[in-house]
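**Q** Sharing target-v6.cif, mmCIF, C-alpha atoms:
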data_protein
#
loop_
_atom_site.label_atom_id
_atom_site.label_comp_id
_atom_site.auth_asym_id
_atom_site.auth_seq_id
_atom_site.Cartn_x
_atom_site.Cartn_y
_atom_site.Cartn_z
CA MET A 17 30.92 -49.84 24.92
CA ARG A 18 30.70 -52.72 22.45
CA PHE A 19 31.18 -52.28 18.74
CA CYS A 20 30.06 -54.77 16.19
CA SER A 21 29.51 -55.20 12.51
CA LEU A 22 27.38 -58.07 11.21
CA SER A 23 29.07 -57.99 7.83
CA SER A 24 31.46 -60.84 7.23
CA GLN A 25 33.28 -58.69 4.69
CA ASN A 26 35.20 -55.49 5.20
CA VAL A 27 33.33 -53.58 2.50
CA LEU A 28 29.86 -52.15 3.12
CA LYS A 29 27.04 -53.81 1.20
CA ILE A 30 23.28 -53.24 1.11
CA GLU A 31 21.56 -54.82 4.15
CA ASP A 32 24.76 -54.83 6.26
CA ILE A 33 23.95 -53.95 9.87
CA LEU A 34 26.36 -52.02 12.09
CA LYS A 35 25.56 -52.17 15.80
CA GLN A 36 26.64 -50.67 19.05
CA VAL A 37 25.47 -50.95 22.63
CA ARG A 38 25.46 -48.08 25.09
CA ILE A 39 24.13 -47.43 28.56
CA PHE A 40 23.44 -43.77 29.37
CA SER A 41 24.00 -42.43 32.89
CA ASN A 42 22.64 -39.52 34.91
CA SER A 43 26.04 -37.86 34.45
CA ASN A 44 25.55 -38.05 30.68
CA ILE A 45 22.26 -36.15 31.01
CA ILE A 46 24.01 -33.44 33.04
CA GLU A 47 26.88 -33.26 30.52
CA TYR A 48 24.34 -33.02 27.66
CA SER A 49 22.51 -30.23 29.46
CA LYS A 50 25.73 -28.27 30.03
CA LEU A 51 26.82 -28.71 26.43
CA THR A 52 23.49 -27.88 24.78
CA HIS A 53 22.12 -25.46 27.42
CA ASP A 54 18.97 -27.59 27.42
CA SER A 55 17.63 -27.68 30.96
CA ASN A 56 14.24 -29.25 30.24
CA PRO A 57 13.02 -30.25 33.75
CA LEU A 58 11.70 -33.50 32.28
CA HIS A 59 15.29 -34.80 32.44
CA PHE A 60 16.00 -33.61 36.01
CA ASP A 61 12.75 -33.45 38.00
CA LEU A 62 11.45 -36.95 38.73
CA GLU A 63 8.02 -35.77 39.86
CA ARG A 64 7.61 -33.77 36.66
CA ALA A 65 8.77 -36.74 34.55
CA LYS A 66 6.30 -39.06 36.32
CA ASN A 67 3.46 -36.55 35.90
CA ALA A 68 4.25 -36.52 32.18
CA GLY A 69 3.83 -40.31 32.09
CA PHE A 70 7.46 -41.45 32.34
CA ALA A 71 8.60 -44.21 34.69
CA ASP A 72 11.87 -42.36 35.44
CA LEU A 73 13.95 -39.46 34.11
CA PRO A 74 14.16 -39.91 30.32
CA VAL A 75 17.49 -39.50 28.49
CA PRO A 76 17.24 -36.61 25.96
CA GLY A 77 16.28 -38.05 22.58
CA ILE A 78 18.96 -36.20 20.64
CA LEU A 79 21.61 -37.64 22.98
CA VAL A 80 20.37 -41.18 22.28
CA ALA A 81 20.20 -40.38 18.55
CA SER A 82 23.87 -39.33 18.60
CA LEU A 83 24.57 -43.09 18.56
CA PHE A 84 23.80 -43.10 14.80
CA PRO A 85 26.52 -40.72 13.57
CA GLN A 86 28.84 -42.31 16.13
CA ILE A 87 28.26 -45.82 14.72
CA ILE A 88 28.66 -44.60 11.14
CA ALA A 89 31.80 -42.51 11.84
CA SER A 90 33.44 -45.30 13.85
CA HIS A 91 33.14 -47.58 10.81
CA PHE A 92 33.73 -44.84 8.23
CA PRO A 93 35.99 -42.11 9.64
CA GLY A 94 35.42 -38.92 7.67
CA ALA A 95 31.73 -39.71 7.00
CA VAL A 96 29.68 -36.56 6.35
CA TYR A 97 26.09 -36.38 7.57
CA VAL A 98 23.53 -35.16 5.01
CA LYS A 99 20.13 -36.06 6.51
CA GLN A 100 18.66 -37.75 9.57
CA THR A 101 15.04 -38.45 10.44
CA LEU A 102 14.17 -39.41 14.01
CA GLU A 103 10.97 -40.78 15.46
CA PHE A 104 11.09 -41.14 19.24
CA LYS A 105 8.89 -44.17 19.88
CA SER A 106 9.61 -45.05 23.50
CA PRO A 107 11.59 -43.39 26.35
CA VAL A 108 15.16 -44.35 27.24
CA TYR A 109 16.10 -44.36 30.93
CA CYS A 110 19.52 -44.26 32.56
CA GLY A 111 21.00 -47.72 33.10
CA GLU A 112 19.10 -49.35 30.23
CA GLU A 113 21.12 -51.20 27.61
CA ILE A 114 20.46 -49.43 24.32
CA THR A 115 21.44 -51.06 21.02
CA GLY A 116 21.89 -48.73 18.07
CA GLU A 117 21.48 -50.42 14.68
CA VAL A 118 22.35 -48.84 11.37
CA GLN A 119 21.48 -50.85 8.24
CA ALA A 120 22.61 -49.89 4.74
CA SER A 121 19.56 -49.49 2.50
CA ASN A 122 21.07 -47.76 -0.52
CA ILE A 123 24.61 -47.12 -1.76
CA ARG A 124 25.41 -44.94 -4.74
CA GLN A 125 28.85 -44.03 -6.06
CA MET A 126 29.48 -40.30 -6.56
CA LYS A 127 32.86 -39.85 -8.28
CA GLU A 128 35.36 -40.98 -5.62
CA LYS A 129 32.84 -40.98 -2.74
CA TYR A 130 29.66 -42.85 -1.85
CA MET A 131 26.19 -41.63 -0.90
CA ALA A 132 24.91 -44.21 1.59
CA LYS A 133 21.44 -44.39 3.12
CA PHE A 134 20.89 -46.27 6.36
CA THR A 135 17.83 -47.18 8.35
CA THR A 136 18.68 -46.12 11.91
CA LYS A 137 17.04 -47.80 14.90
CA CYS A 138 17.64 -47.99 18.63
CA PHE A 139 16.25 -50.84 20.72
CA LYS A 140 16.18 -51.53 24.43
CA ASP A 141 15.83 -54.77 26.37
CA GLY A 142 13.06 -56.96 25.01
CA GLY A 143 13.54 -55.58 21.51
CA ILE A 144 11.49 -52.45 22.25
CA LEU A 145 12.03 -49.91 19.47
CA VAL A 146 12.96 -46.56 21.04
CA ILE A 147 14.08 -44.57 17.98
CA ASP A 148 13.28 -45.20 14.33
CA GLY A 149 14.61 -43.21 11.41
CA GLU A 150 16.86 -42.92 8.41
CA ALA A 151 20.25 -41.33 7.77
CA THR A 152 21.87 -40.19 4.53
CA THR A 153 25.63 -39.82 4.57
CA ILE A 154 28.57 -39.31 2.26
CA LEU A 155 31.27 -41.91 2.89
CA PRO A 156 34.86 -41.44 1.71
CA THR A 157 35.12 -45.20 1.12
CA LEU A 158 33.03 -48.37 1.55
CA ALA A 159 35.95 -50.11 3.29
CA MET A 160 34.98 -50.46 6.94
CA ASN A 161 37.30 -49.41 9.73
CA LYS A 162 38.26 -52.43 11.81
CA LEU A 163 36.81 -52.05 15.30
CA GLU A 164 37.79 -53.74 18.52
CA GLY A 165 35.61 -56.60 19.65
CA CYS A 166 34.24 -57.52 16.20
CA MET B 9 23.41 -16.81 24.52
CA ARG B 10 20.42 -14.71 23.45
CA PHE B 11 16.85 -15.88 23.75
CA CYS B 12 13.98 -14.32 21.87
CA SER B 13 10.40 -14.92 20.94
CA LEU B 14 8.86 -12.92 18.10
CA SER B 15 5.36 -13.43 19.46
CA SER B 16 3.87 -10.36 21.10
CA GLN B 17 1.61 -12.66 23.13
CA ASN B 18 2.52 -15.20 25.76
CA VAL B 19 0.54 -18.05 24.18
CA LEU B 20 1.92 -19.99 21.21
CA LYS B 21 0.07 -19.44 17.95
CA ILE B 22 0.60 -20.80 14.44
CA GLU B 23 3.44 -18.96 12.63
CA ASP B 24 5.05 -17.79 15.90
CA ILE B 25 8.83 -17.94 15.61
CA LEU B 26 11.08 -18.74 18.58
CA LYS B 27 14.74 -17.89 18.05
CA GLN B 28 18.06 -18.33 19.71
CA VAL B 29 21.62 -17.47 18.81
CA ARG B 30 24.61 -19.61 19.65
CA ILE B 31 28.29 -19.70 18.81
CA PHE B 32 29.94 -23.13 19.06
CA SER B 33 33.56 -23.46 20.20
CA ASN B 34 36.31 -26.02 19.72
CA SER B 35 35.75 -27.01 23.36
CA ASN B 36 32.13 -27.80 22.54
CA ILE B 37 33.29 -30.23 19.82
CA ILE B 38 35.60 -31.95 22.31
CA GLU B 39 32.80 -32.11 24.94
CA TYR B 40 30.42 -33.54 22.31
CA SER B 41 32.99 -36.16 21.34
CA LYS B 42 33.55 -37.20 24.97
CA LEU B 43 29.81 -37.41 25.64
CA THR B 44 28.82 -39.29 22.48
CA HIS B 45 32.08 -41.25 21.92
CA ASP B 46 32.03 -39.88 18.37
CA SER B 47 35.63 -39.24 17.34
CA ASN B 48 35.03 -38.64 13.62
CA PRO B 49 38.39 -37.12 12.50
CA LEU B 50 36.44 -34.67 10.32
CA HIS B 51 35.86 -32.62 13.49
CA PHE B 52 39.46 -32.78 14.77
CA ASP B 53 41.86 -33.15 11.82
CA LEU B 54 41.99 -29.93 9.79
CA GLU B 55 43.78 -31.50 6.84
CA ARG B 56 41.17 -34.23 6.65
CA ALA B 57 38.35 -31.67 6.89
CA LYS B 58 39.89 -29.57 4.11
CA ASN B 59 40.40 -32.63 1.92
CA ALA B 60 36.70 -33.39 2.39
CA GLY B 61 35.85 -29.89 1.08
CA PHE B 62 35.38 -28.01 4.37
CA ALA B 63 36.93 -24.59 5.00
CA ASP B 64 37.62 -25.48 8.66
CA LEU B 65 36.67 -28.12 11.25
CA PRO B 66 32.87 -28.53 11.04
CA VAL B 67 30.76 -28.65 14.22
CA PRO B 68 28.95 -32.04 14.46
CA GLY B 69 25.50 -31.66 12.92
CA ILE B 70 23.65 -33.31 15.80
CA LEU B 71 25.28 -30.84 18.21
CA VAL B 72 24.02 -27.91 16.12
CA ALA B 73 20.59 -29.57 15.86
CA SER B 74 20.37 -29.77 19.67
CA LEU B 75 19.46 -26.09 19.44
CA PHE B 76 15.92 -27.12 18.39
CA PRO B 77 14.86 -29.09 21.51
CA GLN B 78 16.72 -26.48 23.58
CA ILE B 79 14.69 -23.61 22.08
CA ILE B 80 11.42 -25.53 22.47
CA ALA B 81 12.12 -26.68 26.05
CA SER B 82 13.27 -23.23 27.15
CA HIS B 83 9.89 -21.83 26.08
CA PHE B 84 7.90 -24.92 27.10
CA PRO B 85 9.53 -26.71 30.04
CA GLY B 86 8.35 -30.31 30.07
CA ALA B 87 8.04 -30.49 26.27
CA VAL B 88 8.33 -34.07 24.96
CA TYR B 89 10.02 -34.70 21.62
CA VAL B 90 8.13 -36.99 19.20
CA LYS B 91 9.87 -36.50 15.84
CA GLN B 92 12.65 -34.50 14.25
CA THR B 93 13.81 -34.38 10.65
CA LEU B 94 17.19 -32.83 9.87
CA GLU B 95 18.73 -31.86 6.57
CA PHE B 96 22.29 -30.61 6.90
CA LYS B 97 22.56 -28.04 4.11
CA SER B 98 25.79 -26.21 4.89
CA PRO B 99 28.63 -26.70 7.42
CA VAL B 100 28.83 -24.81 10.73
CA TYR B 101 32.28 -23.75 11.92
CA CYS B 102 33.42 -22.74 15.39
CA GLY B 103 33.03 -19.03 16.08
CA GLU B 104 30.17 -18.55 13.61
CA GLU B 105 26.97 -16.98 14.92
CA ILE B 106 24.24 -19.57 14.44
CA THR B 107 20.58 -18.61 14.74
CA GLY B 108 18.14 -21.40 15.51
CA GLU B 109 14.56 -20.68 14.42
CA VAL B 110 11.58 -22.77 15.38
CA GLN B 111 8.24 -21.79 13.81
CA ALA B 112 4.90 -23.28 14.86
CA SER B 113 3.21 -24.82 11.80
CA ASN B 114 0.45 -26.85 13.44
CA ILE B 115 -1.07 -27.00 16.93
CA ARG B 116 -3.62 -29.59 17.99
CA GLN B 117 -5.16 -30.04 21.43
CA MET B 118 -4.94 -33.57 22.89
CA LYS B 119 -6.96 -33.69 26.12
CA GLU B 120 -4.92 -31.46 28.46
CA LYS B 121 -1.81 -31.33 26.27
CA TYR B 122 -0.92 -30.02 22.81
CA MET B 123 0.71 -31.67 19.82
CA ALA B 124 2.74 -28.92 18.17
CA LYS B 125 4.64 -29.11 14.89
CA PHE B 126 7.45 -26.69 14.17
CA THR B 127 9.59 -26.00 11.14
CA THR B 128 13.15 -25.99 12.49
CA LYS B 129 15.91 -24.06 10.77
CA CYS B 130 19.40 -22.86 11.59
CA PHE B 131 21.00 -19.97 9.74
CA LYS B 132 24.46 -18.47 9.81
CA ASP B 133 25.70 -15.00 8.86
CA GLY B 134 24.29 -13.80 5.57
CA GLY B 135 21.13 -15.84 6.07
CA ILE B 136 22.76 -19.06 4.87
CA LEU B 137 20.55 -22.05 5.77
CA VAL B 138 22.64 -24.65 7.58
CA ILE B 139 19.96 -27.02 8.89
CA ASP B 140 16.39 -27.44 7.67
CA GLY B 141 13.80 -29.73 9.19
CA GLU B 142 10.66 -30.23 11.21
CA ALA B 143 9.94 -31.17 14.81
CA THR B 144 6.83 -32.68 16.39
CA THR B 145 6.46 -32.23 20.13
CA ILE B 146 3.93 -32.65 22.92
CA LEU B 147 3.65 -29.45 24.97
CA PRO B 148 2.13 -29.42 28.47
CA THR B 149 0.75 -25.92 27.79
CA LEU B 150 0.77 -23.28 25.05
CA ALA B 151 1.71 -20.59 27.60
CA MET B 152 5.28 -19.62 26.89
CA ASN B 153 7.91 -19.45 29.61
CA LYS B 154 9.12 -15.89 30.02
CA LEU B 155 12.77 -15.72 29.03
CA GLU B 156 15.39 -13.13 29.90
CA GLY B 157 16.21 -10.60 27.24
CA CYS B 158 12.88 -10.72 25.41
#
Can you dump the structure from the file as structure tokens?
**A**
Amino acid sequence: MRFCSLSSQNVLKIEDILKQVRIFSNSNIIEYSKLTHDSNPLHFDLERAKNAGFADLPVPGILVASLFPQIIASHFPGAVYVKQTLEFKSPVYCGEEITGEVQASNIRQMKEKYMAKFTTKCFKDGGILVIDGEATTILPTLAMNKLEGC
Amino acid sequence: MRFCSLSSQNVLKIEDILKQVRIFSNSNIIEYSKLTHDSNPLHFDLERAKNAGFADLPVPGILVASLFPQIIASHFPGAVYVKQTLEFKSPVYCGEEITGEVQASNIRQMKEKYMAKFTTKCFKDGGILVIDGEATTILPTLAMNKLEGC
């Protein structure tokens, strides 16, 4: 997994983009199903997935969306999630390179913490938008955790 | 895990409520962290959680929210998720009985499928609202899957 922050500074500012790339596997779908008890055949039965208009078995949307809190928490350990909106625009298939992008749209100080809003998007190859949305979080600090590979 | 539908009929109608109860464990938090690569210390470091105002280690919000697609897909195998909004109102701790409730608010036929909107809520003991939101899904049929224990 690659981590990256586009900010040249170590302190979060409006418009900063935090990114991460992930490729989901069939094993991840099985692990998700075991953990959540979600056995929607769409994610396991190829014929059923194709009949529903998918090219392959789609990765569960909530699993893909878990990239957003992961990106935020990896930069801001201790971040608390307040809100998340998710619009699933296009399916994600196993083996596809998915880039999660979280961009700060609003930052407000609240005593010793910060309420930060982010636009949250996932793209796949060719810049196809697969998830669009927005997250609201409470950050303990605006100082970003230094991540490997950035 | 208990499954239940409050509808006396087998076909989804507006205002029908589909419910499910789940208790999350510490193991579930570890499994979620392994699957999503989210190692937010809030979910593992009790002192950090308490300093952030939590009574115990909170269960990741997205893990709790996975109850919604699980409830919908268990009643409507093949359901496709289109949108989900999530507002995390109160923390969920391991061992607490969490009731997921999904209530049909709008149903619209689209050729041979159905676009169904649901209000999506999770409650814990004492009726405390822990997650509030709304889901939009495409259902292959309005006929509900018969579930054990209903």
**Q** Convert the output of the PyMOL selection byres ((chain A) within 7 of (chain B)) on the shown file into explicit residues, formatted as JSON, numbers by chain.
**A** {"A": [44, 51, 52, 53, 54, 56, 57, 58, 78, 82, 83, 86, 89, 90, 93, 94, 97, 98, 99, 100, 101, 102, 103, 104]}
**Q** Would you list the residues near (34.5, -50.9, 2.2), meaning any protein, DNA or RNA residue with an atom at most 8 Å from that point in file coordinates, counting all atoms listed in the file, as a count of residues only?
**A** 7
**Q** Determine the residue membership of the PyMOL selection byres ((chain B and resi 115) around 12) for the file above and supply it as a list in words.
**A**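 When the PyMOL selection byres ((chain B and resi 115) around 12) is applied, the selected residues are Val19, Leu20, Lys21, Ile22, Glu23, Asp24, Gln111, Ala112, Ser113, Asn114, Arg116, Gln117, Met118, Lys121, Tyr122, Met123, Ala124, Lys125, Phe126, Ala143, Thr144, Thr145, Ile146, Leu147, Thr149 and Leu150 of chain B.
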**Q** What is the distance between atom CA of B:Val100 and atom CA of A:Asn42, in Å to one decimal?
**A**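 Going from atom CA of B:Val100 over to atom CA of A:Asn42 covers 29.0 Å.
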**Q** Kindly give the distance, in Å, that separates atom CA of A:Ala71 and atom CA of A:Leu34, rounded to a single decimal.
**A** 29.8 Å
**Q** Apply the PyMOL selection byres ((chain A and resi 110) around 6) to the structure shown and report the selected residues as a list in words.
**A** Phe40, Ser41, Tyr109, Gly111 and Glu112 of chain A
**Q** Kindly give the distance, in Å, that separates atom CA of B:Lys119 and atom CA of B:Lys27, rounded to a single decimal.
**A**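 We find that atom CA of B:Lys119 and atom CA of B:Lys27 lie 28.0 Å from each other.
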**Q** Let me have the centre and edge lengths of the axis-aligned box enclosing all listed atoms of stretch 109-123 of chain B with 3 Å padding on every side, in Å to one decimal, as lines of an AutoDock Vina configuration file.
**A**
center_x = 3.8
center_y = -27.2
center_z = 20.1
size_x = 27.5
size_y = 19.0
size_z = 22.7
